[in-house]
$ cat start_25.cif   # mmCIF, C-alpha atoms, pLDDT in the B column; chains and numbers go by the auth columns
data_start
#
loop_
_atom_site.group_PDB
_atom_site.id
_atom_site.type_symbol
_atom_site.label_atom_id
_atom_site.label_comp_id
_atom_site.label_asym_id
_atom_site.label_seq_id
_atom_site.Cartn_x
_atom_site.Cartn_y
_atom_site.Cartn_z
_atom_site.B_iso_or_equiv
_atom_site.auth_seq_id
_atom_site.auth_asym_id
ATOM 1 C CA MET A 1 -23.335 119.302 66.775 74.00 1 A
ATOM 2 C CA THR A 2 -23.936 118.214 63.188 83.00 2 A
ATOM 3 C CA SER A 3 -25.164 120.725 60.634 88.00 3 A
ATOM 4 C CA ARG A 4 -27.050 119.580 57.546 92.00 4 A
ATOM 5 C CA VAL A 5 -27.483 121.719 54.457 94.00 5 A
ATOM 6 C CA THR A 6 -29.442 120.769 51.338 94.00 6 A
ATOM 7 C CA LEU A 7 -28.786 122.978 48.323 96.00 7 A
ATOM 8 C CA ILE A 8 -31.547 122.732 45.724 96.00 8 A
ATOM 9 C CA SER A 9 -30.555 123.900 42.250 94.00 9 A
ATOM 10 C CA ALA A 10 -33.228 126.114 40.726 94.00 10 A
ATOM 11 C CA ALA A 11 -35.541 124.913 37.975 93.00 11 A
ATOM 12 C CA MET A 12 -34.903 125.673 34.301 90.00 12 A
ATOM 13 C CA SER A 13 -35.421 129.099 32.766 87.00 13 A
ATOM 14 C CA ARG A 14 -34.998 130.431 29.241 84.00 14 A
ATOM 15 C CA SER A 15 -31.739 132.114 30.289 83.00 15 A
ATOM 16 C CA LEU A 16 -30.233 128.856 31.514 80.00 16 A
ATOM 17 C CA ARG A 17 -31.393 126.982 28.423 83.00 17 A
ATOM 18 C CA GLU A 18 -29.777 129.635 26.181 83.00 18 A
ATOM 19 C CA ALA A 19 -26.532 129.740 28.240 82.00 19 A
ATOM 20 C CA ARG A 20 -27.348 133.384 28.948 86.00 20 A
ATOM 21 C CA PHE A 21 -25.819 135.093 31.990 87.00 21 A
ATOM 22 C CA ASP A 22 -28.696 135.681 34.413 79.00 22 A
ATOM 23 C CA ASP A 23 -31.019 138.395 33.189 75.00 23 A
ATOM 24 C CA GLY A 24 -33.808 138.051 35.743 81.00 24 A
ATOM 25 C CA CYS A 25 -35.780 135.699 33.500 85.00 25 A
ATOM 26 C CA PRO A 26 -38.584 133.793 35.270 90.00 26 A
ATOM 27 C CA LEU A 27 -39.095 130.031 35.162 91.00 27 A
ATOM 28 C CA ASP A 28 -40.702 128.670 32.054 87.00 28 A
ATOM 29 C CA ALA A 29 -44.059 126.886 32.444 90.00 29 A
ATOM 30 C CA THR A 30 -42.648 123.363 32.122 90.00 30 A
ATOM 31 C CA ALA A 31 -39.965 124.032 34.727 90.00 31 A
ATOM 32 C CA ALA A 32 -42.503 125.527 37.131 92.00 32 A
ATOM 33 C CA ASP A 33 -44.693 122.422 36.696 92.00 33 A
ATOM 34 C CA ARG A 34 -41.714 120.142 37.407 91.00 34 A
ATOM 35 C CA ALA A 35 -40.906 122.084 40.553 93.00 35 A
ATOM 36 C CA ARG A 36 -44.553 121.949 41.687 94.00 36 A
ATOM 37 C CA SER A 37 -44.556 118.182 41.157 91.00 37 A
ATOM 38 C CA ALA A 38 -41.604 117.935 43.565 89.00 38 A
ATOM 39 C CA ALA A 39 -43.360 120.009 46.251 89.00 39 A
ATOM 40 C CA GLY A 40 -43.513 118.082 49.502 82.00 40 A
ATOM 41 C CA LEU A 41 -40.615 115.789 48.611 82.00 41 A
ATOM 42 C CA LEU A 42 -38.005 117.647 50.644 83.00 42 A
ATOM 43 C CA PRO A 43 -37.100 116.650 54.172 77.00 43 A
ATOM 44 C CA GLY A 44 -38.262 118.862 57.025 84.00 44 A
ATOM 45 C CA SER A 45 -35.985 121.788 57.774 90.00 45 A
ATOM 46 C CA ASP A 46 -35.198 124.248 60.532 92.00 46 A
ATOM 47 C CA ARG A 47 -34.547 127.105 58.094 95.00 47 A
ATOM 48 C CA VAL A 48 -35.218 127.761 54.408 96.00 48 A
ATOM 49 C CA MET A 49 -33.236 130.223 52.303 97.00 49 A
ATOM 50 C CA ALA A 50 -33.082 131.233 48.656 97.00 50 A
ATOM 51 C CA SER A 51 -30.821 133.183 46.378 96.00 51 A
ATOM 52 C CA PRO A 52 -32.402 136.545 45.515 95.00 52 A
ATOM 53 C CA THR A 53 -32.667 135.676 41.800 94.00 53 A
ATOM 54 C CA VAL A 54 -36.143 135.474 40.262 94.00 54 A
ATOM 55 C CA ARG A 55 -35.535 131.869 39.221 93.00 55 A
ATOM 56 C CA CYS A 56 -34.604 130.748 42.747 96.00 56 A
ATOM 57 C CA ARG A 57 -37.478 132.569 44.413 96.00 57 A
ATOM 58 C CA GLU A 58 -39.963 131.138 41.905 96.00 58 A
ATOM 59 C CA THR A 59 -38.500 127.630 42.319 96.00 59 A
ATOM 60 C CA ALA A 60 -38.823 127.881 46.103 96.00 60 A
ATOM 61 C CA ALA A 61 -42.445 129.020 45.783 96.00 61 A
ATOM 62 C CA ALA A 62 -43.246 126.178 43.356 96.00 62 A
ATOM 63 C CA LEU A 63 -41.694 123.722 45.825 95.00 63 A
ATOM 64 C CA GLY A 64 -44.027 125.067 48.504 94.00 64 A
ATOM 65 C CA LEU A 65 -41.205 126.681 50.468 95.00 65 A
ATOM 66 C CA GLU A 66 -41.249 130.072 52.167 94.00 66 A
ATOM 67 C CA PRO A 67 -37.586 131.077 52.143 96.00 67 A
ATOM 68 C CA VAL A 68 -35.703 133.954 53.651 96.00 68 A
ATOM 69 C CA CYS A 69 -33.816 135.832 50.929 96.00 69 A
ATOM 70 C CA ALA A 70 -30.082 135.194 51.393 96.00 70 A
ATOM 71 C CA PRO A 71 -27.982 137.847 49.569 95.00 71 A
ATOM 72 C CA GLU A 72 -24.815 135.914 50.441 95.00 72 A
ATOM 73 C CA LEU A 73 -26.146 133.148 48.147 97.00 73 A
ATOM 74 C CA ALA A 74 -26.689 135.516 45.205 95.00 74 A
ATOM 75 C CA ALA A 75 -25.676 134.412 41.731 93.00 75 A
ATOM 76 C CA LEU A 76 -22.245 135.282 40.377 95.00 76 A
ATOM 77 C CA ASP A 77 -22.280 138.994 39.467 95.00 77 A
ATOM 78 C CA MET A 78 -21.547 139.044 35.737 95.00 78 A
ATOM 79 C CA GLY A 79 -21.197 142.807 35.451 95.00 79 A
ATOM 80 C CA ARG A 80 -21.633 144.122 31.930 95.00 80 A
ATOM 81 C CA TRP A 81 -22.041 140.577 30.542 96.00 81 A
ATOM 82 C CA ARG A 82 -25.343 140.111 32.381 93.00 82 A
ATOM 83 C CA GLY A 83 -28.137 139.159 30.002 91.00 83 A
ATOM 84 C CA ARG A 84 -25.787 138.172 27.160 93.00 84 A
ATOM 85 C CA THR A 85 -25.018 134.628 26.005 93.00 85 A
ATOM 86 C CA LEU A 86 -21.554 133.183 26.367 92.00 86 A
ATOM 87 C CA ASP A 87 -21.352 132.926 22.559 94.00 87 A
ATOM 88 C CA GLU A 88 -22.201 136.636 22.176 95.00 88 A
ATOM 89 C CA VAL A 89 -19.568 137.664 24.690 96.00 89 A
ATOM 90 C CA ALA A 90 -16.967 135.284 23.225 95.00 90 A
ATOM 91 C CA ALA A 91 -17.520 136.788 19.756 97.00 91 A
ATOM 92 C CA ALA A 92 -17.221 140.363 21.069 97.00 92 A
ATOM 93 C CA GLU A 93 -14.470 139.853 23.672 97.00 93 A
ATOM 94 C CA PRO A 94 -12.617 136.579 22.970 97.00 94 A
ATOM 95 C CA ASP A 95 -9.517 137.500 24.980 97.00 95 A
ATOM 96 C CA ALA A 96 -11.575 138.550 28.005 97.00 96 A
ATOM 97 C CA VAL A 97 -13.596 135.317 27.933 96.00 97 A
ATOM 98 C CA ALA A 98 -10.431 133.230 27.603 96.00 98 A
ATOM 99 C CA ARG A 99 -8.885 135.064 30.569 96.00 99 A
ATOM 100 C CA TRP A 100 -12.078 134.633 32.639 95.00 100 A
ATOM 101 C CA LEU A 101 -12.259 130.893 31.932 93.00 101 A
ATOM 102 C CA ALA A 102 -8.547 130.333 32.633 94.00 102 A
ATOM 103 C CA ASP A 103 -8.090 132.468 35.745 96.00 103 A
ATOM 104 C CA PRO A 104 -10.651 132.161 38.585 95.00 104 A
ATOM 105 C CA ALA A 105 -9.391 135.466 40.030 97.00 105 A
ATOM 106 C CA SER A 106 -10.198 137.338 36.802 97.00 106 A
ATOM 107 C CA ALA A 107 -13.316 139.489 36.359 96.00 107 A
ATOM 108 C CA PRO A 108 -12.983 141.195 32.966 95.00 108 A
ATOM 109 C CA HIS A 109 -16.754 141.805 32.927 95.00 109 A
ATOM 110 C CA GLY A 110 -16.438 144.229 35.849 95.00 110 A
ATOM 111 C CA GLY A 111 -18.470 142.001 38.155 95.00 111 A
ATOM 112 C CA GLU A 112 -17.367 139.300 40.573 96.00 112 A
ATOM 113 C CA SER A 113 -14.585 136.780 40.027 97.00 113 A
ATOM 114 C CA VAL A 114 -15.080 133.069 40.636 97.00 114 A
ATOM 115 C CA CYS A 115 -12.573 133.377 43.513 97.00 115 A
ATOM 116 C CA ALA A 116 -14.636 136.159 45.089 97.00 116 A
ATOM 117 C CA LEU A 117 -17.749 133.999 44.760 97.00 117 A
ATOM 118 C CA GLY A 118 -15.852 131.168 46.456 96.00 118 A
ATOM 119 C CA ASP A 119 -14.865 133.454 49.322 97.00 119 A
ATOM 120 C CA ARG A 120 -18.470 134.602 49.737 97.00 120 A
ATOM 121 C CA VAL A 121 -19.726 131.005 49.791 95.00 121 A
ATOM 122 C CA ALA A 122 -16.979 129.973 52.228 94.00 122 A
ATOM 123 C CA ALA A 123 -18.099 132.684 54.661 95.00 123 A
ATOM 124 C CA TRP A 124 -21.683 131.424 54.402 95.00 124 A
ATOM 125 C CA LEU A 125 -20.531 127.827 54.993 93.00 125 A
ATOM 126 C CA ALA A 126 -18.602 128.906 58.107 91.00 126 A
ATOM 127 C CA GLU A 127 -21.802 130.447 59.440 92.00 127 A
ATOM 128 C CA ALA A 128 -23.887 127.393 58.448 92.00 128 A
ATOM 129 C CA ALA A 129 -21.488 125.117 60.353 89.00 129 A
ATOM 130 C CA ARG A 130 -22.720 126.762 63.577 89.00 130 A
ATOM 131 C CA TRP A 131 -26.401 126.034 62.874 89.00 131 A
ATOM 132 C CA SER A 132 -28.033 122.979 64.381 87.00 132 A
ATOM 133 C CA GLY A 133 -30.562 120.988 62.402 90.00 133 A
ATOM 134 C CA ARG A 134 -31.252 121.147 58.684 93.00 134 A
ATOM 135 C CA THR A 135 -31.074 124.083 56.277 95.00 135 A
ATOM 136 C CA VAL A 136 -32.601 124.007 52.809 96.00 136 A
ATOM 137 C CA ALA A 137 -31.455 126.641 50.302 97.00 137 A
ATOM 138 C CA VAL A 138 -32.633 127.116 46.708 97.00 138 A
ATOM 139 C CA VAL A 139 -29.652 128.435 44.758 97.00 139 A
ATOM 140 C CA GLU A 140 -28.149 128.987 41.326 95.00 140 A
ATOM 141 C CA PRO A 141 -25.861 126.272 39.886 94.00 141 A
ATOM 142 C CA GLU A 142 -22.730 128.383 40.388 95.00 142 A
ATOM 143 C CA ILE A 143 -23.377 128.451 44.144 97.00 143 A
ATOM 144 C CA VAL A 144 -23.456 124.638 44.217 97.00 144 A
ATOM 145 C CA ARG A 145 -20.258 124.515 42.155 96.00 145 A
ATOM 146 C CA ALA A 146 -18.498 127.031 44.419 97.00 146 A
ATOM 147 C CA VAL A 147 -19.575 125.053 47.505 96.00 147 A
ATOM 148 C CA ALA A 148 -18.240 121.804 46.025 95.00 148 A
ATOM 149 C CA VAL A 149 -14.902 123.391 45.132 96.00 149 A
ATOM 150 C CA ARG A 150 -14.512 124.851 48.647 94.00 150 A
ATOM 151 C CA VAL A 151 -15.642 121.764 50.549 93.00 151 A
ATOM 152 C CA LEU A 152 -13.327 119.508 48.538 93.00 152 A
ATOM 153 C CA ASP A 153 -10.492 122.050 48.636 93.00 153 A
ATOM 154 C CA ALA A 154 -10.248 121.607 44.866 95.00 154 A
ATOM 155 C CA PRO A 155 -8.238 123.965 42.644 94.00 155 A
ATOM 156 C CA GLY A 156 -10.217 126.999 41.403 92.00 156 A
ATOM 157 C CA PRO A 157 -10.463 125.861 37.751 92.00 157 A
ATOM 158 C CA ALA A 158 -12.429 122.787 38.928 94.00 158 A
ATOM 159 C CA PHE A 159 -15.390 125.190 39.169 95.00 159 A
ATOM 160 C CA TRP A 160 -15.788 124.943 35.373 93.00 160 A
ATOM 161 C CA ARG A 161 -15.734 121.130 35.409 93.00 161 A
ATOM 162 C CA LEU A 162 -18.849 120.621 37.557 94.00 162 A
ATOM 163 C CA ASP A 163 -22.330 120.294 36.062 92.00 163 A
ATOM 164 C CA VAL A 164 -25.358 120.967 38.260 92.00 164 A
ATOM 165 C CA PRO A 165 -28.672 119.825 36.773 91.00 165 A
ATOM 166 C CA PRO A 166 -31.837 121.774 37.616 92.00 166 A
ATOM 167 C CA LEU A 167 -33.968 120.559 40.523 93.00 167 A
ATOM 168 C CA THR A 168 -31.312 118.391 42.106 93.00 168 A
ATOM 169 C CA ALA A 169 -30.159 118.353 45.708 93.00 169 A
ATOM 170 C CA THR A 170 -26.597 118.622 46.911 94.00 170 A
ATOM 171 C CA GLU A 171 -26.319 117.650 50.545 93.00 171 A
ATOM 172 C CA LEU A 172 -23.694 118.674 53.058 93.00 172 A
ATOM 173 C CA SER A 173 -23.325 117.388 56.572 90.00 173 A
ATOM 174 C CA GLY A 174 -20.589 118.196 59.000 84.00 174 A
ATOM 175 C CA ARG A 175 -19.317 119.523 62.237 75.00 175 A
ATOM 176 C CA SER A 176 -16.450 121.774 63.232 67.00 176 A
ATOM 177 C CA GLY A 177 -16.327 123.188 59.702 68.00 177 A
ATOM 178 C CA ARG A 178 -15.547 119.846 58.066 85.00 178 A
ATOM 179 C CA TRP A 179 -18.175 118.941 55.512 91.00 179 A
ATOM 180 C CA ASN A 180 -19.141 115.733 53.737 89.00 180 A
ATOM 181 C CA LEU A 181 -20.726 116.183 50.335 90.00 181 A
ATOM 182 C CA ARG A 182 -23.336 114.277 48.315 89.00 182 A
ATOM 183 C CA LEU A 183 -23.810 115.815 44.848 80.00 183 A
ATOM 184 C CA GLY A 184 -26.773 116.115 42.518 74.00 184 A
ATOM 185 C CA GLN A 185 -29.423 113.822 43.974 77.00 185 A
ATOM 186 C CA PRO A 186 -32.865 113.968 42.317 78.00 186 A
ATOM 187 C CA LEU A 187 -35.385 115.450 44.748 78.00 187 A
ATOM 188 C CA ALA A 188 -37.300 112.150 44.900 62.00 188 A
ATOM 189 C CA HIS A 189 -34.140 110.453 46.219 55.00 189 A
ATOM 190 C CA VAL A 190 -33.769 113.057 48.963 59.00 190 A
ATOM 191 C CA ALA A 191 -37.360 112.422 49.996 51.00 191 A
ATOM 192 C CA GLY A 192 -36.612 108.707 50.332 48.00 192 A
ATOM 193 C CA GLN A 193 -34.067 109.441 53.042 54.00 193 A
ATOM 194 C CA GLY A 194 -36.742 110.662 55.439 47.00 194 A
ATOM 195 C CA ARG A 195 -38.424 113.948 56.175 43.00 195 A
ATOM 196 C CA THR A 196 -37.333 114.584 59.710 39.00 196 A
ATOM 197 C CA GLY A 197 -35.141 117.548 60.610 40.00 197 A
#
$ encode --input "start_25.cif" --output "structure tokens"
Amino acid sequence: MTSRVTLISAAMSRSLREARFDDGCPLDATAADRARSAAGLLPGSDRVMASPTVRCRETAAALGLEPVCAPELAALDMGRWRGRTLDEVAAAEPDAVARWLADPASAPHGGESVCALGDRVAAWLAEAARWSGRTVAVVEPEIVRAVAVRVLDAPGPAFWRLDVPPLTATELSGRSGRWNLRLGQPLAHVAGQGRTG
């Protein structure tokens, strides 16, 4: 049995544009319009999921999807840094930021480490490998990055080297827990591959 998963990175928000750790900010009007213009471009699916963040839920709605909220696909918990920009935190806590960026197991903000996020995503992938058909999930960029690192068995610091543009699709297909990966396709390209589940 082959499982297929399409991860859609959420549309732009003010927080993402400002490099601000998620603060529950909604999509901006332009991003919502871009997502609406992509509605109907996704292939058919057997299940639709979304990260519980406002941005992911609003992106899914703009795409015309009715997802189930998937807490296991939640954004990286940034603890006391939530709502602050990376520059603000780096100015206030330079040693903590340096440690966080150098060591994926570090969580100086009191939230979740990148390694813990990777473990959470790996558990979700193990479950997804047992599903038949296609799954579409609207997620934050760090979920896509954590998936790529796990699927490729890359070293933890590779997480920081991956860019995930808004409103792109990352596709996984596999069986027996072995995944193939196609990164960052524009949604129009995904639509060109057919809409059947």
$ closest_residue --input "start_25.cif" --among "A:Ala19, A:Val144, A:Val164, A:Ala154" --to "A:Arg84" --atoms "only C-alpha atoms"
A:Ala19
$ resolve_selection --input "start_25.cif" --expression "the PyMOL selection byres ((chain A and resi 78) around 7)" --output "ChimeraX atom specification"
/A:21,76-77,79-82,109,111-112
$ residues_around --input "start_25.cif" --residues "A:Arg175" --least-positions-apart "2" --cutoff "9 Å" --atoms "all atoms listed in the file" --output "PyMOL selection string"
chain A and resi 1-3+129-130+173+177-179
$ residues_around --input "start_25.cif" --residues "A:Asp28" --least-positions-apart "2" --cutoff "12 Å" --atoms "all atoms listed in the file" --output "ChimeraX atom specification"
/A:10-17,25-26,30-35,54-55,58-59,62
$ closest_residue --input "start_25.cif" --among "A:Ala148, A:Trp131, A:Glu88, A:Glu142" --to "A:Thr170" --atoms "all atoms listed in the file"
A:Ala148
$ resolve_selection --input "start_25.cif" --expression "the PyMOL selection byres ((chain A and resi 108) around 12)" --output "PDB file with C-alpha atoms, keeping the file's coordinate frame"
ATOM      1  CA  ASP A  77     -22.280 138.994  39.467  1.00 95.00           C
ATOM      2  CA  MET A  78     -21.547 139.044  35.737  1.00 95.00           C
ATOM      3  CA  GLY A  79     -21.197 142.807  35.451  1.00 95.00           C
ATOM      4  CA  ARG A  80     -21.633 144.122  31.930  1.00 95.00           C
ATOM      5  CA  TRP A  81     -22.041 140.577  30.542  1.00 96.00           C
ATOM      6  CA  VAL A  89     -19.568 137.664  24.690  1.00 96.00           C
ATOM      7  CA  GLU A  93     -14.470 139.853  23.672  1.00 97.00           C
ATOM      8  CA  PRO A  94     -12.617 136.579  22.970  1.00 97.00           C
ATOM      9  CA  ASP A  95      -9.517 137.500  24.980  1.00 97.00           C
ATOM     10  CA  ALA A  96     -11.575 138.550  28.005  1.00 97.00           C
ATOM     11  CA  VAL A  97     -13.596 135.317  27.933  1.00 96.00           C
ATOM     12  CA  ALA A  98     -10.431 133.230  27.603  1.00 96.00           C
ATOM     13  CA  ARG A  99      -8.885 135.064  30.569  1.00 96.00           C
ATOM     14  CA  TRP A 100     -12.078 134.633  32.639  1.00 95.00           C
ATOM     15  CA  LEU A 101     -12.259 130.893  31.932  1.00 93.00           C
ATOM     16  CA  ALA A 102      -8.547 130.333  32.633  1.00 94.00           C
ATOM     17  CA  ASP A 103      -8.090 132.468  35.745  1.00 96.00           C
ATOM     18  CA  PRO A 104     -10.651 132.161  38.585  1.00 95.00           C
ATOM     19  CA  ALA A 105      -9.391 135.466  40.030  1.00 97.00           C
ATOM     20  CA  SER A 106     -10.198 137.338  36.802  1.00 97.00           C
ATOM     21  CA  ALA A 107     -13.316 139.489  36.359  1.00 96.00           C
ATOM     22  CA  HIS A 109     -16.754 141.805  32.927  1.00 95.00           C
ATOM     23  CA  GLY A 110     -16.438 144.229  35.849  1.00 95.00           C
ATOM     24  CA  GLY A 111     -18.470 142.001  38.155  1.00 95.00           C
ATOM     25  CA  GLU A 112     -17.367 139.300  40.573  1.00 96.00           C
ATOM     26  CA  SER A 113     -14.585 136.780  40.027  1.00 97.00           C
ATOM     27  CA  VAL A 114     -15.080 133.069  40.636  1.00 97.00           C
TER      28      VAL A 114
END
$ closest_residue --input "start_25.cif" --among "A:Thr6, A:Ser51, A:Ser37, A:Ser45" --to "A:Ile143" --atoms "all atoms listed in the file"
A:Ser51
$ atom_distance --input "start_25.cif" --atom1 "atom CA of A:Val68" --atom2 "atom CA of A:Thr53"
12.4 Å
